[in-house]
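Q: After the structure tokens below, expect a handful of questions from me.
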Amino acid sequence: MDLNSGDLNSPLSTGTTIIGVTYNGGVVLGADSRTSTGMYVANRASDKITQLTDNVYLCRSGSAADTQTISDYVRYFLHQHTIQLGQPTTVKVAANLVRLLAYNNKNMLQAGLIVGGWDKYEGGKIYGVPLGGTIIEQPFAIGGSGSSYLYGFFDQAWKEGMTQEEAEQLVVKAVSLAIARDGASGGVVRTVTINSEGVARKFYPGDSLPLWHEELEPHESLLDILSTSNPEPMVS
Amino acid sequence: MIVDSSSPAPTKNSLLLSSEADLQRTQTPYVTGTSVIAIKYKDGILIAADMGGSYGSTLRYKNVERIKPVGKHSLIGASGEISDFQEILRYLDELMLNDSMWDDGNSLGPKEVHNYLTRVMYNRRNKFNPLWNSLILGGVKNGQKYLGTVNMIGVHYEDNHVATGFGNHLARPILREEWNENLTFEEGVKLLEKCMRVLLYRDRSAVNKLQIAKITDEGFTISQPYSLKTQWKFKAFENPTVGAEGSW
């Protein structure tokens, strides 16, 4: 059945929801876990937040192959750079390497990326590298097809100077809202929090996320509902 | 603008003058429902469908009833364009009304309704103006169970278990393994739920809110909307890229 040819792959957005948010002390990166080929969910628990160095991570949206390759190259360059420099890379250098690859190969790539990390000079930083290879430093960044549903949400909910807990909750809530409405996003919410102390990965399974409008409490089976609530849960 | 969906054959002049010849041609769907699955069981038919109405990749409507009764003996489940399904329900309503006006003590059974739908779908297809749906028609009359399907190009068949859309790829294999003709209501529900859960994991347009409907010689019931539990707490899901940075 030919469904909606064109709108799924419009140049500006690509399947997934990714988020990066700064807070007082570091950054929180978040993503959904759905990888799809057409309408089929090829991987329902993928990891879209990839490590570039100990202190810099990358959120990937767009072509899985393109973003994996970019992250492989950048990880390789940053590894050498760290050795030569003698100390951890800055987030800015990592983001600019990502930008160089994205920009110089813009005709061949479909990659929307968010670079986030912590370094001792600038603290927590988020850089968006959308399609085309623009680099833009932002207090928070959203990307992927699910992000369309979050512009209004962030306009309202974003605040400067949040605590780590506030930032994490904001990211999880946002990804969860996007999952509720974007067919290309789903699965679990993964977050990576990066600060002076290091890196912490968290995992929020799909059934632990809050329920939104018109979503219901899940059950094991209809049979459980029928046996507990009588007489007439069924409508004739 | 023409209100009546059957248009007069365009004359040579009108073809040259206007776009009337091309009034309605194969459309694109806008608000769509995904899979419907159905099985025969001991006492009748069970049909399951989620309540999603997608608008492209947006999960826009989450309270769409895609299973409806047809007369006393049948249930229809639809996937595809919702507005076309609503039109089909209007056609069926007119069909059943005209049937009861005969007042002859007879009433259309599921086999007849399925045949009517097949003719409607196929004729529309031949005019390049399809009803963009895949339909499942199930029912029981005089103890005889019937389960059939028909889609937008007029392909139609009956079977012990049928599905539309993704259900054909994900649910039918499960049903082929686990269906038997003596399923109880409980077993049937569990089997359909197993299929619906797989669809929830693997179909992008699936929504976690579904209804299961049953029809037997005694009548039909359509359940209240409810959601299924899903499994995500596998060790393998927690840190899938440890030792393989950059993979998925």
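Chain lettering (A, B, ...) mirrors the order of the structure tokens, residue numbering begins at 1 for each chain separately, and ligand numbering begins at 1 in order of display.
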Do me a favour and pick out the residues of chain A within 6 Å of chain B, using only C-alpha atoms, as a PyMOL selection string.

A: chain A and resi 4+39-41+45-47+50+68+181-183+205+216+218-220+234-236

Q: Would you save the residues from that selection as an mmCIF file, in the first residue's frame, using C-alpha atoms?

A:
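Output contents, as saved in result-v8.cif:
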data_model
loop_
_atom_site.group_PDB
_atom_site.id
_atom_site.type_symbol
_atom_site.label_atom_id
_atom_site.label_comp_id
_atom_site.auth_asym_id
_atom_site.auth_seq_id
_atom_site.Cartn_x
_atom_site.Cartn_y
_atom_site.Cartn_z
ATOM 1 C CA ASN A 4 2.417 9.003 2.115
ATOM 2 C CA MET A 39 7.400 1.169 8.148
ATOM 3 C CA TYR A 40 9.130 -1.795 9.801
ATOM 4 C CA VAL A 41 10.908 -1.296 13.120
ATOM 5 C CA ALA A 45 16.165 -0.851 21.363
ATOM 6 C CA SER A 46 18.926 0.885 19.458
ATOM 7 C CA ASP A 47 21.466 3.173 21.067
ATOM 8 C CA THR A 50 27.427 7.329 20.700
ATOM 9 C CA GLN A 68 27.738 5.567 12.271
ATOM 10 C CA ARG A 181 3.081 11.376 18.429
ATOM 11 C CA ASP A 182 5.917 10.501 16.051
ATOM 12 C CA GLY A 183 5.595 7.131 14.366
ATOM 13 C CA PRO A 205 11.954 1.348 29.416
ATOM 14 C CA LEU A 216 -4.222 4.088 28.847
ATOM 15 C CA PRO A 218 -1.409 -1.140 30.177
ATOM 16 C CA HIS A 219 -2.735 -4.589 31.011
ATOM 17 C CA GLU A 220 -1.505 -8.120 30.558
ATOM 18 C CA MET A 234 -18.079 -5.022 26.692
ATOM 19 C CA VAL A 235 -20.382 -2.893 24.589
ATOM 20 C CA SER A 236 -22.927 -4.463 22.257
#

Q: When you look at segment 82-94 of chain A with a cut-off of 9 Å (counting only C-alpha atoms), what residues show up, excluding the ones that are within fewer than 4 positions of it in the same chain? I need them as an mmCIF file with all heavy atoms, in the first residue's frame.

A:
data_model
loop_
_atom_site.group_PDB
_atom_site.id
_atom_site.type_symbol
_atom_site.label_atom_id
_atom_site.label_comp_id
_atom_site.auth_asym_id
_atom_site.auth_seq_id
_atom_site.Cartn_x
_atom_site.Cartn_y
_atom_site.Cartn_z
ATOM 1 N N LEU A 52 32.181 9.656 21.567
ATOM 2 C CA LEU A 52 33.284 10.099 20.716
ATOM 3 C C LEU A 52 34.582 10.076 21.510
ATOM 4 O O LEU A 52 35.623 9.627 21.029
ATOM 5 C CB LEU A 52 33.023 11.504 20.169
ATOM 6 C CG LEU A 52 31.813 11.642 19.240
ATOM 7 C CD1 LEU A 52 31.646 13.089 18.792
ATOM 8 C CD2 LEU A 52 31.942 10.730 18.032
ATOM 9 N N THR A 53 34.523 10.625 22.746
ATOM 10 C CA THR A 53 35.660 10.513 23.662
ATOM 11 C C THR A 53 35.064 10.263 25.049
ATOM 12 O O THR A 53 33.847 10.198 25.196
ATOM 13 C CB THR A 53 36.496 11.797 23.728
ATOM 14 O OG1 THR A 53 35.702 12.831 24.330
ATOM 15 C CG2 THR A 53 36.952 12.245 22.363
ATOM 16 N N ASP A 54 35.918 10.244 26.075
ATOM 17 C CA ASP A 54 35.422 10.055 27.437
ATOM 18 C C ASP A 54 34.445 11.138 27.838
ATOM 19 O O ASP A 54 33.524 10.902 28.631
ATOM 20 C CB ASP A 54 36.604 10.087 28.436
ATOM 21 C CG ASP A 54 37.476 8.847 28.307
ATOM 22 O OD1 ASP A 54 36.979 7.848 27.750
ATOM 23 O OD2 ASP A 54 38.631 8.892 28.761
ATOM 24 N N ASN A 55 34.644 12.329 27.296
ATOM 25 C CA ASN A 55 33.834 13.455 27.766
ATOM 26 C C ASN A 55 32.927 14.061 26.691
ATOM 27 O O ASN A 55 32.269 15.063 26.945
ATOM 28 C CB ASN A 55 34.742 14.554 28.325
ATOM 29 C CG ASN A 55 35.770 15.014 27.280
ATOM 30 O OD1 ASN A 55 36.343 14.191 26.568
ATOM 31 N ND2 ASN A 55 35.992 16.300 27.192
ATOM 32 N N VAL A 56 32.879 13.480 25.502
ATOM 33 C CA VAL A 56 32.029 14.026 24.429
ATOM 34 C C VAL A 56 31.248 12.901 23.769
ATOM 35 O O VAL A 56 31.820 11.881 23.369
ATOM 36 C CB VAL A 56 32.852 14.745 23.336
ATOM 37 C CG1 VAL A 56 31.919 15.319 22.273
ATOM 38 C CG2 VAL A 56 33.711 15.846 23.930
ATOM 39 N N TYR A 57 29.939 13.111 23.672
ATOM 40 C CA TYR A 57 29.058 12.115 23.053
ATOM 41 C C TYR A 57 28.294 12.754 21.913
ATOM 42 O O TYR A 57 28.218 13.981 21.796
ATOM 43 C CB TYR A 57 28.079 11.559 24.099
ATOM 44 C CG TYR A 57 28.666 10.459 24.959
ATOM 45 C CD1 TYR A 57 29.717 10.720 25.845
ATOM 46 C CD2 TYR A 57 28.177 9.160 24.872
ATOM 47 C CE1 TYR A 57 30.251 9.712 26.621
ATOM 48 C CE2 TYR A 57 28.706 8.139 25.655
ATOM 49 C CZ TYR A 57 29.747 8.418 26.529
ATOM 50 O OH TYR A 57 30.272 7.416 27.306
ATOM 51 N N VAL A 74 35.207 10.422 13.403
ATOM 52 C CA VAL A 74 35.466 11.455 14.417
ATOM 53 C C VAL A 74 36.112 10.838 15.648
ATOM 54 O O VAL A 74 37.040 11.413 16.226
ATOM 55 C CB VAL A 74 34.175 12.212 14.779
ATOM 56 C CG1 VAL A 74 34.400 13.161 15.938
ATOM 57 C CG2 VAL A 74 33.673 12.979 13.566
ATOM 58 N N ARG A 75 35.663 9.650 16.021
ATOM 59 C CA ARG A 75 36.268 8.976 17.172
ATOM 60 C C ARG A 75 37.736 8.697 16.913
ATOM 61 O O ARG A 75 38.600 8.890 17.767
ATOM 62 C CB ARG A 75 35.517 7.683 17.482
ATOM 63 C CG ARG A 75 35.867 7.061 18.831
ATOM 64 C CD ARG A 75 35.060 5.804 19.153
ATOM 65 N NE ARG A 75 33.672 5.965 18.787
ATOM 66 C CZ ARG A 75 33.069 5.307 17.803
ATOM 67 N NH1 ARG A 75 33.721 4.421 17.074
ATOM 68 N NH2 ARG A 75 31.806 5.533 17.535
ATOM 69 N N PHE A 77 39.775 10.322 14.737
ATOM 70 C CA PHE A 77 40.555 11.571 14.740
ATOM 71 C C PHE A 77 40.753 12.079 16.152
ATOM 72 O O PHE A 77 41.846 12.528 16.521
ATOM 73 C CB PHE A 77 39.832 12.649 13.914
ATOM 74 C CG PHE A 77 39.737 12.349 12.447
ATOM 75 C CD1 PHE A 77 38.582 12.668 11.739
ATOM 76 C CD2 PHE A 77 40.804 11.770 11.762
ATOM 77 C CE1 PHE A 77 38.494 12.398 10.367
ATOM 78 C CE2 PHE A 77 40.721 11.507 10.403
ATOM 79 C CZ PHE A 77 39.565 11.810 9.712
ATOM 80 N N LEU A 78 39.673 12.039 16.955
ATOM 81 C CA LEU A 78 39.756 12.575 18.313
ATOM 82 C C LEU A 78 40.705 11.755 19.173
ATOM 83 O O LEU A 78 41.379 12.292 20.057
ATOM 84 C CB LEU A 78 38.371 12.619 18.971
ATOM 85 C CG LEU A 78 37.449 13.722 18.475
ATOM 86 C CD1 LEU A 78 36.087 13.593 19.140
ATOM 87 C CD2 LEU A 78 38.045 15.097 18.763
ATOM 88 N N VAL A 98 33.046 17.018 13.516
ATOM 89 C CA VAL A 98 31.777 16.494 13.000
ATOM 90 C C VAL A 98 31.289 17.393 11.869
ATOM 91 O O VAL A 98 30.875 16.932 10.807
ATOM 92 C CB VAL A 98 30.731 16.405 14.128
ATOM 93 C CG1 VAL A 98 29.367 16.063 13.579
ATOM 94 C CG2 VAL A 98 31.154 15.381 15.169
ATOM 95 N N ARG A 99 31.393 18.692 12.120
ATOM 96 C CA ARG A 99 30.935 19.655 11.111
ATOM 97 C C ARG A 99 31.695 19.502 9.807
ATOM 98 O O ARG A 99 31.124 19.515 8.723
ATOM 99 C CB ARG A 99 31.103 21.080 11.624
ATOM 100 C CG ARG A 99 30.803 22.129 10.550
ATOM 101 C CD ARG A 99 31.244 23.504 10.985
ATOM 102 N NE ARG A 99 32.689 23.652 11.079
ATOM 103 C CZ ARG A 99 33.477 24.003 10.074
ATOM 104 N NH1 ARG A 99 32.980 24.204 8.873
ATOM 105 N NH2 ARG A 99 34.770 24.128 10.270
ATOM 106 N N VAL A 115 26.049 17.289 19.145
ATOM 107 C CA VAL A 115 27.271 16.968 19.879
ATOM 108 C C VAL A 115 27.154 17.578 21.259
ATOM 109 O O VAL A 115 26.840 18.766 21.398
ATOM 110 C CB VAL A 115 28.511 17.560 19.169
ATOM 111 C CG1 VAL A 115 29.776 17.134 19.892
ATOM 112 C CG2 VAL A 115 28.548 17.133 17.718
ATOM 113 N N GLY A 116 27.407 16.784 22.292
ATOM 114 C CA GLY A 116 27.315 17.318 23.649
ATOM 115 C C GLY A 116 28.411 16.760 24.527
ATOM 116 O O GLY A 116 28.824 15.604 24.371
ATOM 117 N N GLY A 117 28.906 17.577 25.463
ATOM 118 C CA GLY A 117 29.940 17.084 26.363
ATOM 119 C C GLY A 117 30.334 18.120 27.384
ATOM 120 O O GLY A 117 29.697 19.178 27.519
ATOM 121 N N TRP A 118 31.421 17.780 28.121
ATOM 122 C CA TRP A 118 31.923 18.691 29.154
ATOM 123 C C TRP A 118 33.421 18.785 29.028
ATOM 124 O O TRP A 118 34.115 17.776 28.877
ATOM 125 C CB TRP A 118 31.534 18.141 30.533
ATOM 126 C CG TRP A 118 31.940 19.062 31.655
ATOM 127 C CD1 TRP A 118 31.176 20.005 32.253
ATOM 128 C CD2 TRP A 118 33.215 19.113 32.306
ATOM 129 N NE1 TRP A 118 31.883 20.648 33.246
ATOM 130 C CE2 TRP A 118 33.144 20.123 33.304
ATOM 131 C CE3 TRP A 118 34.424 18.413 32.157
ATOM 132 C CZ2 TRP A 118 34.214 20.462 34.118
ATOM 133 C CZ3 TRP A 118 35.495 18.744 32.977
ATOM 134 C CH2 TRP A 118 35.388 19.769 33.957
ATOM 135 N N ASP A 119 33.952 20.009 29.082
ATOM 136 C CA ASP A 119 35.400 20.152 29.198
ATOM 137 C C ASP A 119 35.707 21.221 30.241
ATOM 138 O O ASP A 119 34.837 22.003 30.620
ATOM 139 C CB ASP A 119 36.056 20.478 27.851
ATOM 140 C CG ASP A 119 35.554 21.773 27.244
ATOM 141 O OD1 ASP A 119 35.639 22.843 27.890
ATOM 142 O OD2 ASP A 119 35.049 21.717 26.113
ATOM 143 N N LYS A 120 36.971 21.281 30.695
ATOM 144 C CA LYS A 120 37.291 22.132 31.842
ATOM 145 C C LYS A 120 37.318 23.612 31.495
ATOM 146 O O LYS A 120 37.262 24.459 32.376
ATOM 147 C CB LYS A 120 38.626 21.711 32.460
ATOM 148 C CG LYS A 120 39.847 21.999 31.600
ATOM 149 C CD LYS A 120 41.106 21.444 32.254
ATOM 150 C CE LYS A 120 42.343 21.861 31.466
ATOM 151 N NZ LYS A 120 43.525 21.061 31.817
ATOM 152 N N TYR A 121 37.402 23.943 30.214
ATOM 153 C CA TYR A 121 37.467 25.347 29.812
ATOM 154 C C TYR A 121 36.085 25.991 29.728
ATOM 155 O O TYR A 121 35.874 27.111 30.193
ATOM 156 C CB TYR A 121 38.157 25.487 28.450
ATOM 157 C CG TYR A 121 39.565 24.979 28.452
ATOM 158 C CD1 TYR A 121 39.879 23.763 27.857
ATOM 159 C CD2 TYR A 121 40.595 25.693 29.070
ATOM 160 C CE1 TYR A 121 41.165 23.281 27.865
ATOM 161 C CE2 TYR A 121 41.895 25.214 29.081
ATOM 162 C CZ TYR A 121 42.181 23.997 28.475
ATOM 163 O OH TYR A 121 43.448 23.507 28.495
ATOM 164 N N GLU A 122 35.152 25.263 29.081
ATOM 165 C CA GLU A 122 33.841 25.866 28.819
ATOM 166 C C GLU A 122 32.717 25.235 29.626
ATOM 167 O O GLU A 122 31.588 25.709 29.580
ATOM 168 C CB GLU A 122 33.503 25.728 27.321
ATOM 169 C CG GLU A 122 34.544 26.349 26.414
ATOM 170 C CD GLU A 122 34.148 27.751 26.014
ATOM 171 O OE1 GLU A 122 33.250 28.340 26.684
ATOM 172 O OE2 GLU A 122 34.718 28.258 25.056
ATOM 173 N N GLY A 123 33.012 24.131 30.304
ATOM 174 C CA GLY A 123 31.946 23.421 31.029
ATOM 175 C C GLY A 123 31.078 22.626 30.064
ATOM 176 O O GLY A 123 31.560 22.134 29.044
ATOM 177 N N GLY A 124 29.799 22.524 30.368
ATOM 178 C CA GLY A 124 28.892 21.751 29.524
ATOM 179 C C GLY A 124 28.511 22.545 28.280
ATOM 180 O O GLY A 124 28.181 23.724 28.384
ATOM 181 N N LYS A 125 28.586 21.906 27.111
ATOM 182 C CA LYS A 125 28.249 22.596 25.859
ATOM 183 C C LYS A 125 27.485 21.662 24.928
ATOM 184 O O LYS A 125 27.767 20.467 24.865
ATOM 185 C CB LYS A 125 29.526 23.045 25.132
ATOM 186 C CG LYS A 125 30.186 24.268 25.700
ATOM 187 C CD LYS A 125 29.389 25.501 25.393
ATOM 188 C CE LYS A 125 30.060 26.743 25.976
ATOM 189 N NZ LYS A 125 29.140 27.850 26.164
ATOM 190 N N ILE A 126 26.553 22.275 24.169
ATOM 191 C CA ILE A 126 25.780 21.514 23.171
ATOM 192 C C ILE A 126 25.961 22.202 21.816
ATOM 193 O O ILE A 126 25.826 23.429 21.725
ATOM 194 C CB ILE A 126 24.288 21.510 23.518
ATOM 195 C CG1 ILE A 126 24.031 20.737 24.802
ATOM 196 C CG2 ILE A 126 23.451 20.953 22.377
ATOM 197 C CD1 ILE A 126 24.080 19.242 24.657
ATOM 198 N N TYR A 127 26.295 21.413 20.800
ATOM 199 C CA TYR A 127 26.392 21.961 19.446
ATOM 200 C C TYR A 127 25.466 21.170 18.535
ATOM 201 O O TYR A 127 25.524 19.947 18.492
ATOM 202 C CB TYR A 127 27.814 21.842 18.899
ATOM 203 C CG TYR A 127 28.827 22.701 19.617
ATOM 204 C CD1 TYR A 127 29.482 22.239 20.756
ATOM 205 C CD2 TYR A 127 29.135 23.969 19.159
ATOM 206 C CE1 TYR A 127 30.404 23.021 21.421
ATOM 207 C CE2 TYR A 127 30.069 24.769 19.810
ATOM 208 C CZ TYR A 127 30.692 24.284 20.943
ATOM 209 O OH TYR A 127 31.608 25.074 21.600
ATOM 210 N N GLU A 137 26.058 26.554 18.238
ATOM 211 C CA GLU A 137 26.114 26.296 19.667
ATOM 212 C C GLU A 137 24.803 26.762 20.279
ATOM 213 O O GLU A 137 24.331 27.852 19.989
ATOM 214 C CB GLU A 137 27.271 27.073 20.286
ATOM 215 C CG GLU A 137 27.738 26.477 21.588
ATOM 216 C CD GLU A 137 27.625 27.428 22.761
ATOM 217 O OE1 GLU A 137 28.313 28.455 22.722
ATOM 218 O OE2 GLU A 137 26.839 27.152 23.685
#

Q: Hey, can you check how far atom CA of Ile45 of chain B sits from atom CA of His169 of chain B?

A: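 About the pair atom CA of Ile45 of chain B and atom CA of His169 of chain B: they are 20.8 Å apart.
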
Q: Can you pull out the residues contacting Asp217 of chain B? Cut-off 9 Å, using only C-alpha atoms, and skip same-chain residues under 3 positions away; I want them as an MDAnalysis selection string.

A: chainID B and resid 43:44 73 139:145 220

Q: Could you please write out, as a PyMOL selection string, every residue of segment 36-235 of chain A that DSSP assigns to strand (DSSP E)?

A: chain A and resi 36-37+40-43+49-51+56-62+111-119+123-129+136-138+140-143+189-195+198-204+218-219+234-235

Q: Which residues are near Leu150 of chain A? Cut-off 10 Å, only C-alpha atoms, ignore same chain within fewer than 5 positions. Put them as a list in words.

A: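 Here the answer would be Thr17, Ile19, Ile142, Gly143, Ser145, Asp155, Gln156, Ala157, Ala174, Val175, Leu177 and Ala178 of chain A.
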
Q: Please dump the current selection as a PDB file, in the first residue's frame; keep C-alpha atoms.

A:
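See part_8.pdb below for the written result:
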ATOM      1  CA  THR A  17      13.955  12.039  18.387  1.00  0.00           C
ATOM      2  CA  ILE A  19      17.784  16.065  22.405  1.00  0.00           C
ATOM      3  CA  ILE A 142      16.460  19.066  19.392  1.00  0.00           C
ATOM      4  CA  GLY A 143      16.608  17.003  16.241  1.00  0.00           C
ATOM      5  CA  SER A 145      11.484  13.860  12.998  1.00  0.00           C
ATOM      6  CA  ASP A 155       9.536  27.180  24.079  1.00  0.00           C
ATOM      7  CA  GLN A 156       7.435  26.822  27.174  1.00  0.00           C
ATOM      8  CA  ALA A 157       9.405  24.443  29.386  1.00  0.00           C
ATOM      9  CA  ALA A 174      10.267  15.518  25.976  1.00  0.00           C
ATOM     10  CA  VAL A 175      11.393  12.297  24.287  1.00  0.00           C
ATOM     11  CA  LEU A 177       6.025  13.203  24.327  1.00  0.00           C
ATOM     12  CA  ALA A 178       7.655  12.911  20.923  1.00  0.00           C
TER      13      ALA A 178
END

Q: Residues within 7 Å of Ala141 of chain A, please, as a ChimeraX atom specification. Count only C-alpha atoms; anything in the same chain fewer than 3 positions from it doesn't count.

A: /A:19-21,128,138

Q: Using only C-alpha atoms, find the one residue out of A:Ile135, A:Ala184, A:Leu226, A:Leu100 that sits nearest to Thr37 of chain A.

A: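 Nearest to Thr37 of chain A: A:Ala184.
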